[in-house]
Amino acid sequence: MITKDKKVVLAYSGGLDTTYCALHLSKDLGMKVYTVLGNTGGFSDEELATIENKTKKLGVVEHTSIDITGEYYEKCIKYLIMGNVLKNNCYPLSVSSERAFQAMAIAQYAHKIGADFIAHGSTGAGNDQIRFDLIFQIMAPNAKIITPTRDLELSRAEEIQYLKDHGIDAAFEKMAYSINAGIWGTSIGGKETLVSDQTIPEEAYPSQVTQTEPSELSIGFEKGELTSVNGQTFENPIDAIKTIEKLGSAYGIGRDMHIGDTILGTKGRVAFEAAAPVLILKAHEMLEKHCLSKWQIHWKDQLGDFYGMLLHEAQYLEPLMRNIECFLEDSQKMVSGEVKLMLYPKYYQMIGVNSEHDLMTDAFGQYGEKNVGWTADDVKGFTTILANSMKIYYTVNGQ
């Protein structure tokens, strides 16, 4: 494989693996390296500037940051909300959902500049390698994929030493935890996540508890989409997400450890903090309980869970995903109203909802208190018919 002077687009985050890849591709393989960062809302302007400056020492021809937060919300996050998607009833798919959009943006950039190669820094042990590979193969089929970290099987210590030998001295040794931040949550990996019987310490979480007094939070939805926080209306749902994240993370809400099945078949653990996703999803789910029929809720649960599973397993481009999105969007016609919660240090409490589509109406009765839409005789007849199939079964089978 001839690589010298060939164009390569590298998915770049500024972390150890991608920093190593940039230097290796430019110095060892003599390639023209174009680094691209797909920003899903996890980087400040200052951090983006620092990352760009770092690439100048790595032999990079050009660095580009692409803000894909808006597209990420419109084409993914809003459906995760509509589907109440929590992987294994725990994880809001913070990383697995954003990887597809980073990969698509990078593939489009590679096509734009006519790159010969496209590269990423994923190891051979995780899900991300498949997410990047799969989308690159579909969206940039003419660019060969290079994965130095995976193919050379280098340890973290070897990568650090390589960078030091080439005059790149960053504080990678001090990074005991791998942090991946985005608008839909932050994942945290460390030595405790590699075993089954430990959890990460308090100080490993990027956000620390600063609020101790309880406070009320109200979240407004219009046809399933986030519209307001504490009475303040937001034209852009992303701003509402950021507001809720700031309020919730100050209480340490949304922290947990996800244990699940990788695409490769192994079990994996990752810690995360995702105050906004957890609060939004639980508020939306509660509103749906008041506004949807029992069968809408039943089938939404099935399809929302399936949507999340496919997304987690690198199947965002599967056509079925677009079909499920149509169902989810259609299901939200009556999901409008305001949900109230109470926030406390490390936990939250659901209070109630206010919606003009609330099906918990007393026009037909109040559960356990009074019946308006039916009589006692109606219930007796209904129960007799309802019991028929079971009475037949047990009579025929002599039980």
# chains A, B, ... in the order shown; residues from 1 in each chain; ligands from 1
>>> residues_around(residues="Leu317 of chain A", least_positions_apart="5", cutoff="9 Å", atoms="only C-alpha atoms", output="short mmCIF file (atom, residue, chain, number, x, y, z; two decimals) with N, CA, C and O atoms, in the first residue's frame")
data_model
loop_
_atom_site.label_atom_id
_atom_site.label_comp_id
_atom_site.auth_asym_id
_atom_site.auth_seq_id
_atom_site.Cartn_x
_atom_site.Cartn_y
_atom_site.Cartn_z
N ALA A 100 -22.11 7.99 14.86
CA ALA A 100 -22.62 7.90 13.49
C ALA A 100 -22.53 9.25 12.79
O ALA A 100 -22.15 9.33 11.61
N ILE A 135 -19.68 3.11 8.43
CA ILE A 135 -20.15 4.32 7.73
C ILE A 135 -19.13 4.79 6.70
O ILE A 135 -19.51 5.24 5.61
N ILE A 138 -19.65 2.79 3.56
CA ILE A 138 -20.86 3.14 2.82
C ILE A 138 -20.74 4.52 2.17
O ILE A 138 -21.10 4.71 1.01
N LEU A 311 -29.18 1.61 16.73
CA LEU A 311 -28.28 2.76 16.77
C LEU A 311 -26.99 2.40 17.48
O LEU A 311 -25.89 2.72 17.02
N ARG A 322 -35.40 4.89 9.45
CA ARG A 322 -36.24 5.98 8.97
C ARG A 322 -37.73 5.63 9.15
O ARG A 322 -38.55 6.48 9.44
#
>>> residues_around(residues="segment 25-36 of chain A", least_positions_apart="3", cutoff="6 Å", atoms="only C-alpha atoms", output="list of chain:residue names")
A:Thr3, A:Lys4, A:Asp5, A:Lys6, A:Lys7, A:Val8, A:Val9, A:Leu10, A:Ala11, A:Tyr12, A:Cys21, A:Ala22, A:Gly59, A:Val60, A:Val61, A:Glu62, A:His63, A:Thr64, A:Ser65
>>> select_by_dssp(residues="segment 97-344 of chain A", states="strand (DSSP E)", output="compact mmCIF listing (two decimals) with N, CA, C and O atoms, in the first residue's frame")
# COMPACT_ATOMS: atom_id res chain seq x y z
N PHE A 117 -7.34 8.17 1.46
CA PHE A 117 -7.49 7.33 2.64
C PHE A 117 -8.33 8.07 3.69
O PHE A 117 -8.43 9.30 3.68
N ILE A 118 -8.90 7.29 4.58
CA ILE A 118 -9.65 7.85 5.71
C ILE A 118 -9.27 7.02 6.93
O ILE A 118 -9.13 5.80 6.86
N ALA A 119 -9.03 7.71 8.06
CA ALA A 119 -8.47 7.02 9.22
C ALA A 119 -9.20 7.39 10.51
O ALA A 119 -9.80 8.45 10.62
N LYS A 144 -9.55 4.21 1.14
CA LYS A 144 -9.11 3.06 1.94
C LYS A 144 -9.04 3.47 3.42
O LYS A 144 -8.64 4.58 3.73
N ILE A 145 -9.42 2.56 4.30
CA ILE A 145 -9.44 2.85 5.73
C ILE A 145 -8.13 2.44 6.39
O ILE A 145 -7.64 1.32 6.18
N ILE A 146 -7.56 3.37 7.16
CA ILE A 146 -6.33 3.10 7.91
C ILE A 146 -6.63 3.24 9.41
O ILE A 146 -7.24 4.22 9.82
N SER A 178 -10.66 8.37 30.67
CA SER A 178 -10.97 8.77 29.30
C SER A 178 -12.35 9.42 29.30
O SER A 178 -13.35 8.79 29.66
N ILE A 179 -12.41 10.68 28.90
CA ILE A 179 -13.64 11.45 28.94
C ILE A 179 -14.11 11.74 27.51
O ILE A 179 -13.34 12.22 26.68
N ASN A 180 -15.37 11.45 27.23
CA ASN A 180 -15.96 11.78 25.94
C ASN A 180 -17.24 12.58 26.18
O ASN A 180 -18.24 12.03 26.67
N ALA A 181 -17.20 13.86 25.85
CA ALA A 181 -18.33 14.75 26.14
C ALA A 181 -19.07 15.14 24.87
O ALA A 181 -18.47 15.38 23.83
N GLY A 182 -20.40 15.21 24.98
CA GLY A 182 -21.25 15.66 23.90
C GLY A 182 -22.52 16.25 24.48
O GLY A 182 -22.74 16.20 25.69
N GLY A 185 -24.64 13.83 26.77
CA GLY A 185 -24.03 13.13 27.89
C GLY A 185 -22.53 12.95 27.74
O GLY A 185 -21.96 13.13 26.67
N THR A 186 -21.91 12.58 28.85
CA THR A 186 -20.46 12.40 28.91
C THR A 186 -20.15 11.00 29.43
O THR A 186 -20.67 10.58 30.47
N SER A 187 -19.32 10.27 28.71
CA SER A 187 -18.89 8.95 29.16
C SER A 187 -17.54 9.05 29.84
O SER A 187 -16.73 9.91 29.50
N ILE A 188 -17.31 8.17 30.82
CA ILE A 188 -16.07 8.16 31.58
C ILE A 188 -15.55 6.74 31.66
O ILE A 188 -16.26 5.85 32.16
N GLY A 189 -14.36 6.50 31.17
CA GLY A 189 -13.75 5.17 31.24
C GLY A 189 -12.47 5.23 32.07
O GLY A 189 -11.73 6.19 32.01
N SER A 215 -34.83 21.93 44.56
CA SER A 215 -35.45 22.94 43.70
C SER A 215 -36.37 22.26 42.71
O SER A 215 -36.19 21.08 42.37
N GLU A 216 -37.37 23.00 42.24
CA GLU A 216 -38.34 22.44 41.29
C GLU A 216 -37.88 22.73 39.86
O GLU A 216 -37.34 23.79 39.57
N LEU A 217 -38.11 21.76 39.00
CA LEU A 217 -37.79 21.90 37.58
C LEU A 217 -39.03 21.57 36.77
O LEU A 217 -39.68 20.55 37.01
N SER A 218 -39.39 22.44 35.83
CA SER A 218 -40.49 22.15 34.92
C SER A 218 -39.94 22.08 33.50
O SER A 218 -39.13 22.91 33.10
N ILE A 219 -40.38 21.07 32.77
CA ILE A 219 -39.93 20.84 31.39
C ILE A 219 -41.15 20.79 30.49
O ILE A 219 -42.08 20.01 30.73
N GLY A 220 -41.17 21.64 29.46
CA GLY A 220 -42.31 21.70 28.56
C GLY A 220 -42.03 21.02 27.23
O GLY A 220 -40.91 21.10 26.70
N PHE A 221 -43.04 20.35 26.69
CA PHE A 221 -42.94 19.66 25.41
C PHE A 221 -44.09 20.09 24.50
O PHE A 221 -45.20 20.37 24.96
N GLU A 222 -43.82 20.13 23.21
CA GLU A 222 -44.85 20.39 22.20
C GLU A 222 -44.71 19.33 21.12
O GLU A 222 -43.68 19.24 20.44
N GLU A 225 -41.49 17.38 21.36
CA GLU A 225 -40.20 18.08 21.31
C GLU A 225 -40.07 19.05 22.48
O GLU A 225 -41.04 19.71 22.88
N LEU A 226 -38.87 19.17 22.96
CA LEU A 226 -38.55 20.03 24.09
C LEU A 226 -38.72 21.50 23.71
O LEU A 226 -38.18 21.96 22.70
N THR A 227 -39.51 22.24 24.51
CA THR A 227 -39.77 23.65 24.16
C THR A 227 -39.48 24.64 25.28
O THR A 227 -39.21 25.80 25.00
N SER A 228 -39.56 24.21 26.55
CA SER A 228 -39.37 25.18 27.63
C SER A 228 -38.75 24.54 28.87
O SER A 228 -38.86 23.32 29.08
N VAL A 229 -38.11 25.39 29.66
CA VAL A 229 -37.52 24.98 30.93
C VAL A 229 -37.85 26.05 31.96
O VAL A 229 -37.53 27.23 31.77
N GLN A 232 -39.35 29.24 30.70
CA GLN A 232 -38.64 29.96 29.64
C GLN A 232 -38.72 29.16 28.35
O GLN A 232 -38.33 27.99 28.29
N THR A 233 -39.20 29.80 27.30
CA THR A 233 -39.35 29.14 26.00
C THR A 233 -38.05 29.21 25.21
O THR A 233 -37.37 30.25 25.19
N ARG A 255 -25.90 10.32 36.93
CA ARG A 255 -24.69 9.50 36.98
C ARG A 255 -25.07 8.03 37.09
O ARG A 255 -26.01 7.67 37.79
N ASP A 256 -24.31 7.18 36.42
CA ASP A 256 -24.58 5.75 36.54
C ASP A 256 -23.44 4.98 35.87
O ASP A 256 -22.55 5.57 35.25
N MET A 257 -23.52 3.66 35.98
CA MET A 257 -22.58 2.77 35.31
C MET A 257 -23.38 1.87 34.38
O MET A 257 -24.30 1.17 34.83
N HIS A 258 -23.07 1.92 33.11
CA HIS A 258 -23.78 1.09 32.12
C HIS A 258 -23.00 -0.19 31.88
O HIS A 258 -21.80 -0.17 31.63
N ILE A 259 -23.70 -1.31 31.97
CA ILE A 259 -23.13 -2.62 31.64
C ILE A 259 -23.95 -3.19 30.50
O ILE A 259 -25.17 -3.32 30.61
N GLY A 260 -23.30 -3.49 29.38
CA GLY A 260 -24.06 -3.96 28.23
C GLY A 260 -23.24 -4.84 27.31
O GLY A 260 -22.05 -5.09 27.55
N ASP A 261 -23.90 -5.29 26.25
CA ASP A 261 -23.26 -6.15 25.26
C ASP A 261 -22.67 -5.31 24.14
O ASP A 261 -23.35 -4.46 23.57
N LYS A 267 -19.03 -8.35 27.00
CA LYS A 267 -19.67 -7.41 27.91
C LYS A 267 -18.73 -6.23 28.14
O LYS A 267 -17.51 -6.38 28.19
N GLY A 268 -19.32 -5.05 28.31
CA GLY A 268 -18.50 -3.86 28.56
C GLY A 268 -19.16 -2.97 29.59
O GLY A 268 -20.38 -3.00 29.77
N ARG A 269 -18.34 -2.16 30.27
CA ARG A 269 -18.84 -1.21 31.26
C ARG A 269 -18.33 0.18 30.94
O ARG A 269 -17.20 0.35 30.47
N VAL A 270 -19.18 1.16 31.18
CA VAL A 270 -18.74 2.55 31.05
C VAL A 270 -19.53 3.38 32.05
O VAL A 270 -20.73 3.16 32.26
N ALA A 271 -18.85 4.31 32.70
CA ALA A 271 -19.53 5.24 33.59
C ALA A 271 -19.98 6.44 32.74
O ALA A 271 -19.41 6.71 31.68
N PHE A 272 -20.98 7.13 33.23
CA PHE A 272 -21.44 8.30 32.48
C PHE A 272 -22.15 9.27 33.40
O PHE A 272 -22.60 8.91 34.49
N GLU A 273 -22.19 10.52 32.96
CA GLU A 273 -23.07 11.51 33.58
C GLU A 273 -23.87 12.16 32.46
O GLU A 273 -23.32 12.55 31.44
N GLY A 337 -47.35 19.39 26.77
CA GLY A 337 -47.67 19.77 28.14
C GLY A 337 -46.42 20.04 28.95
O GLY A 337 -45.30 20.08 28.41
N GLU A 338 -46.60 20.23 30.23
CA GLU A 338 -45.49 20.56 31.13
C GLU A 338 -45.39 19.50 32.21
O GLU A 338 -46.38 19.05 32.77
N VAL A 339 -44.14 19.10 32.49
CA VAL A 339 -43.87 18.09 33.51
C VAL A 339 -43.07 18.75 34.63
O VAL A 339 -42.11 19.48 34.37
N LYS A 340 -43.46 18.47 35.88
CA LYS A 340 -42.76 19.04 37.03
C LYS A 340 -41.99 17.96 37.79
O LYS A 340 -42.50 16.86 37.99
N LEU A 341 -40.75 18.32 38.16
CA LEU A 341 -39.89 17.43 38.92
C LEU A 341 -39.29 18.19 40.09
O LEU A 341 -39.23 19.43 40.06
N MET A 342 -38.79 17.46 41.08
CA MET A 342 -38.01 18.06 42.16
C MET A 342 -36.60 17.49 42.09
O MET A 342 -36.41 16.28 41.93
N LEU A 343 -35.63 18.39 42.19
CA LEU A 343 -34.23 17.99 42.13
C LEU A 343 -33.62 18.00 43.52
O LEU A 343 -33.82 18.94 44.29
N TYR A 344 -32.88 16.94 43.83
CA TYR A 344 -32.17 16.80 45.10
C TYR A 344 -30.76 16.32 44.80
O TYR A 344 -30.49 15.81 43.70
>>> select_by_dssp(residues="segment 263-398 of chain A", states="helix (DSSP H, G or I)", output="PyMOL selection string")
chain A and resi 275-291+294-312+319-330+376-396
>>> closest_residue(among="A:Val195, A:Ile351, A:Ile324, A:Arg99", to="Trp299 of chain A", atoms="only C-alpha atoms")
A:Ile324
>>> closest_residue(among="A:Ala103, A:Ile77, A:Ile183, A:Met139", to="Phe43 of chain A", atoms="only C-alpha atoms")
A:Ile183
>>> residues_around(residues="Thr361 of chain A", least_positions_apart="6", cutoff="12 Å", atoms="only C-alpha atoms", output="CSV table (one decimal) with N, CA and C atoms, in the first residue's frame")
chain,number,residue,atom,x,y,z
A,290,HIS,N,-49.7,9.9,30.4
A,290,HIS,CA,-51.0,10.7,30.5
A,290,HIS,C,-51.6,10.9,29.2
A,291,CYS,N,-50.9,11.0,28.1
A,291,CYS,CA,-51.4,11.5,26.8
A,291,CYS,C,-51.6,10.4,25.8
A,354,ASN,N,-49.1,18.7,33.5
A,354,ASN,CA,-50.2,19.6,33.2
A,354,ASN,C,-50.3,19.6,31.6
A,355,SER,N,-51.4,19.0,31.1
A,355,SER,CA,-51.6,18.9,29.7
A,355,SER,C,-53.1,18.9,29.3
A,367,TYR,N,-60.3,6.6,39.3
A,367,TYR,CA,-59.8,5.2,39.7
A,367,TYR,C,-59.9,5.0,41.2
A,371,ASN,N,-67.4,5.5,39.4
A,371,ASN,CA,-67.5,5.2,38.0
A,371,ASN,C,-68.7,6.0,37.4
A,372,VAL,N,-68.4,6.7,36.3
A,372,VAL,CA,-69.3,7.6,35.7
A,372,VAL,C,-69.8,7.0,34.3
A,373,GLY,N,-68.8,6.5,33.6
A,373,GLY,CA,-69.1,6.0,32.2
A,373,GLY,C,-69.7,4.6,32.2
>>> decode(residues="segment 224-237 of chain A", atoms="all heavy atoms", output="compact mmCIF listing (two decimals), in the first residue's frame")
# COMPACT_ATOMS: atom_id res chain seq x y z
N GLY A 224 -44.04 16.29 21.52
CA GLY A 224 -42.89 15.45 21.83
C GLY A 224 -41.55 16.13 21.82
O GLY A 224 -40.55 15.54 22.21
N GLU A 225 -41.49 17.38 21.36
CA GLU A 225 -40.20 18.08 21.31
C GLU A 225 -40.07 19.05 22.48
O GLU A 225 -41.04 19.71 22.88
CB GLU A 225 -40.06 18.83 19.98
CG GLU A 225 -39.81 17.89 18.81
CD GLU A 225 -38.98 18.56 17.71
OE1 GLU A 225 -37.83 18.97 17.98
OE2 GLU A 225 -39.51 18.68 16.60
N LEU A 226 -38.87 19.17 22.96
CA LEU A 226 -38.55 20.03 24.09
C LEU A 226 -38.72 21.50 23.71
O LEU A 226 -38.18 21.96 22.70
CB LEU A 226 -37.09 19.76 24.49
CG LEU A 226 -36.54 20.35 25.76
CD1 LEU A 226 -37.30 19.84 26.97
CD2 LEU A 226 -35.06 20.00 25.88
N THR A 227 -39.51 22.24 24.51
CA THR A 227 -39.77 23.65 24.16
C THR A 227 -39.48 24.64 25.28
O THR A 227 -39.21 25.80 25.00
CB THR A 227 -41.24 23.84 23.73
OG1 THR A 227 -42.10 23.37 24.79
CG2 THR A 227 -41.55 23.07 22.46
N SER A 228 -39.56 24.21 26.55
CA SER A 228 -39.37 25.18 27.63
C SER A 228 -38.75 24.54 28.87
O SER A 228 -38.86 23.32 29.08
CB SER A 228 -40.71 25.83 28.01
OG SER A 228 -41.58 24.88 28.60
N VAL A 229 -38.11 25.39 29.66
CA VAL A 229 -37.52 24.98 30.93
C VAL A 229 -37.85 26.05 31.96
O VAL A 229 -37.53 27.23 31.77
CB VAL A 229 -35.98 24.82 30.82
CG1 VAL A 229 -35.40 24.37 32.16
CG2 VAL A 229 -35.62 23.83 29.72
N ASN A 230 -38.53 25.63 33.02
CA ASN A 230 -38.92 26.56 34.09
C ASN A 230 -39.64 27.79 33.55
O ASN A 230 -39.40 28.92 33.97
CB ASN A 230 -37.71 26.97 34.92
CG ASN A 230 -37.19 25.84 35.79
OD1 ASN A 230 -37.93 24.92 36.12
ND2 ASN A 230 -35.93 25.91 36.15
N GLY A 231 -40.50 27.56 32.57
CA GLY A 231 -41.30 28.65 32.01
C GLY A 231 -40.64 29.44 30.91
O GLY A 231 -41.29 30.26 30.25
N GLN A 232 -39.35 29.24 30.70
CA GLN A 232 -38.64 29.96 29.64
C GLN A 232 -38.72 29.16 28.35
O GLN A 232 -38.33 27.99 28.29
CB GLN A 232 -37.18 30.18 30.02
CG GLN A 232 -36.38 30.92 28.94
CD GLN A 232 -34.90 31.08 29.29
OE1 GLN A 232 -34.47 30.68 30.37
NE2 GLN A 232 -34.13 31.66 28.39
N THR A 233 -39.20 29.80 27.30
CA THR A 233 -39.35 29.14 26.00
C THR A 233 -38.05 29.21 25.21
O THR A 233 -37.37 30.25 25.19
CB THR A 233 -40.47 29.79 25.18
OG1 THR A 233 -41.70 29.67 25.92
CG2 THR A 233 -40.64 29.10 23.84
N PHE A 234 -37.71 28.11 24.56
CA PHE A 234 -36.50 28.04 23.75
C PHE A 234 -36.87 27.72 22.30
O PHE A 234 -37.57 26.74 22.05
CB PHE A 234 -35.55 26.96 24.27
CG PHE A 234 -34.93 27.28 25.60
CD1 PHE A 234 -35.57 26.93 26.79
CD2 PHE A 234 -33.71 27.94 25.68
CE1 PHE A 234 -35.01 27.21 28.02
CE2 PHE A 234 -33.13 28.24 26.90
CZ PHE A 234 -33.79 27.87 28.07
N GLU A 235 -36.40 28.53 21.38
CA GLU A 235 -36.62 28.23 19.96
C GLU A 235 -35.75 27.06 19.53
O GLU A 235 -36.15 26.25 18.68
CB GLU A 235 -36.31 29.46 19.10
CG GLU A 235 -37.33 30.60 19.26
CD GLU A 235 -37.08 31.72 18.28
OE1 GLU A 235 -36.27 31.52 17.33
OE2 GLU A 235 -37.68 32.79 18.44
N ASN A 236 -34.56 26.97 20.11
CA ASN A 236 -33.63 25.89 19.77
C ASN A 236 -33.60 24.89 20.92
O ASN A 236 -33.16 25.22 22.03
CB ASN A 236 -32.23 26.46 19.54
CG ASN A 236 -31.27 25.42 19.01
OD1 ASN A 236 -31.53 24.22 19.06
ND2 ASN A 236 -30.13 25.86 18.50
N PRO A 237 -34.05 23.66 20.70
CA PRO A 237 -34.05 22.65 21.77
C PRO A 237 -32.68 22.39 22.37
O PRO A 237 -32.58 21.98 23.53
CB PRO A 237 -34.60 21.40 21.07
CG PRO A 237 -35.37 21.91 19.90
CD PRO A 237 -34.63 23.14 19.45
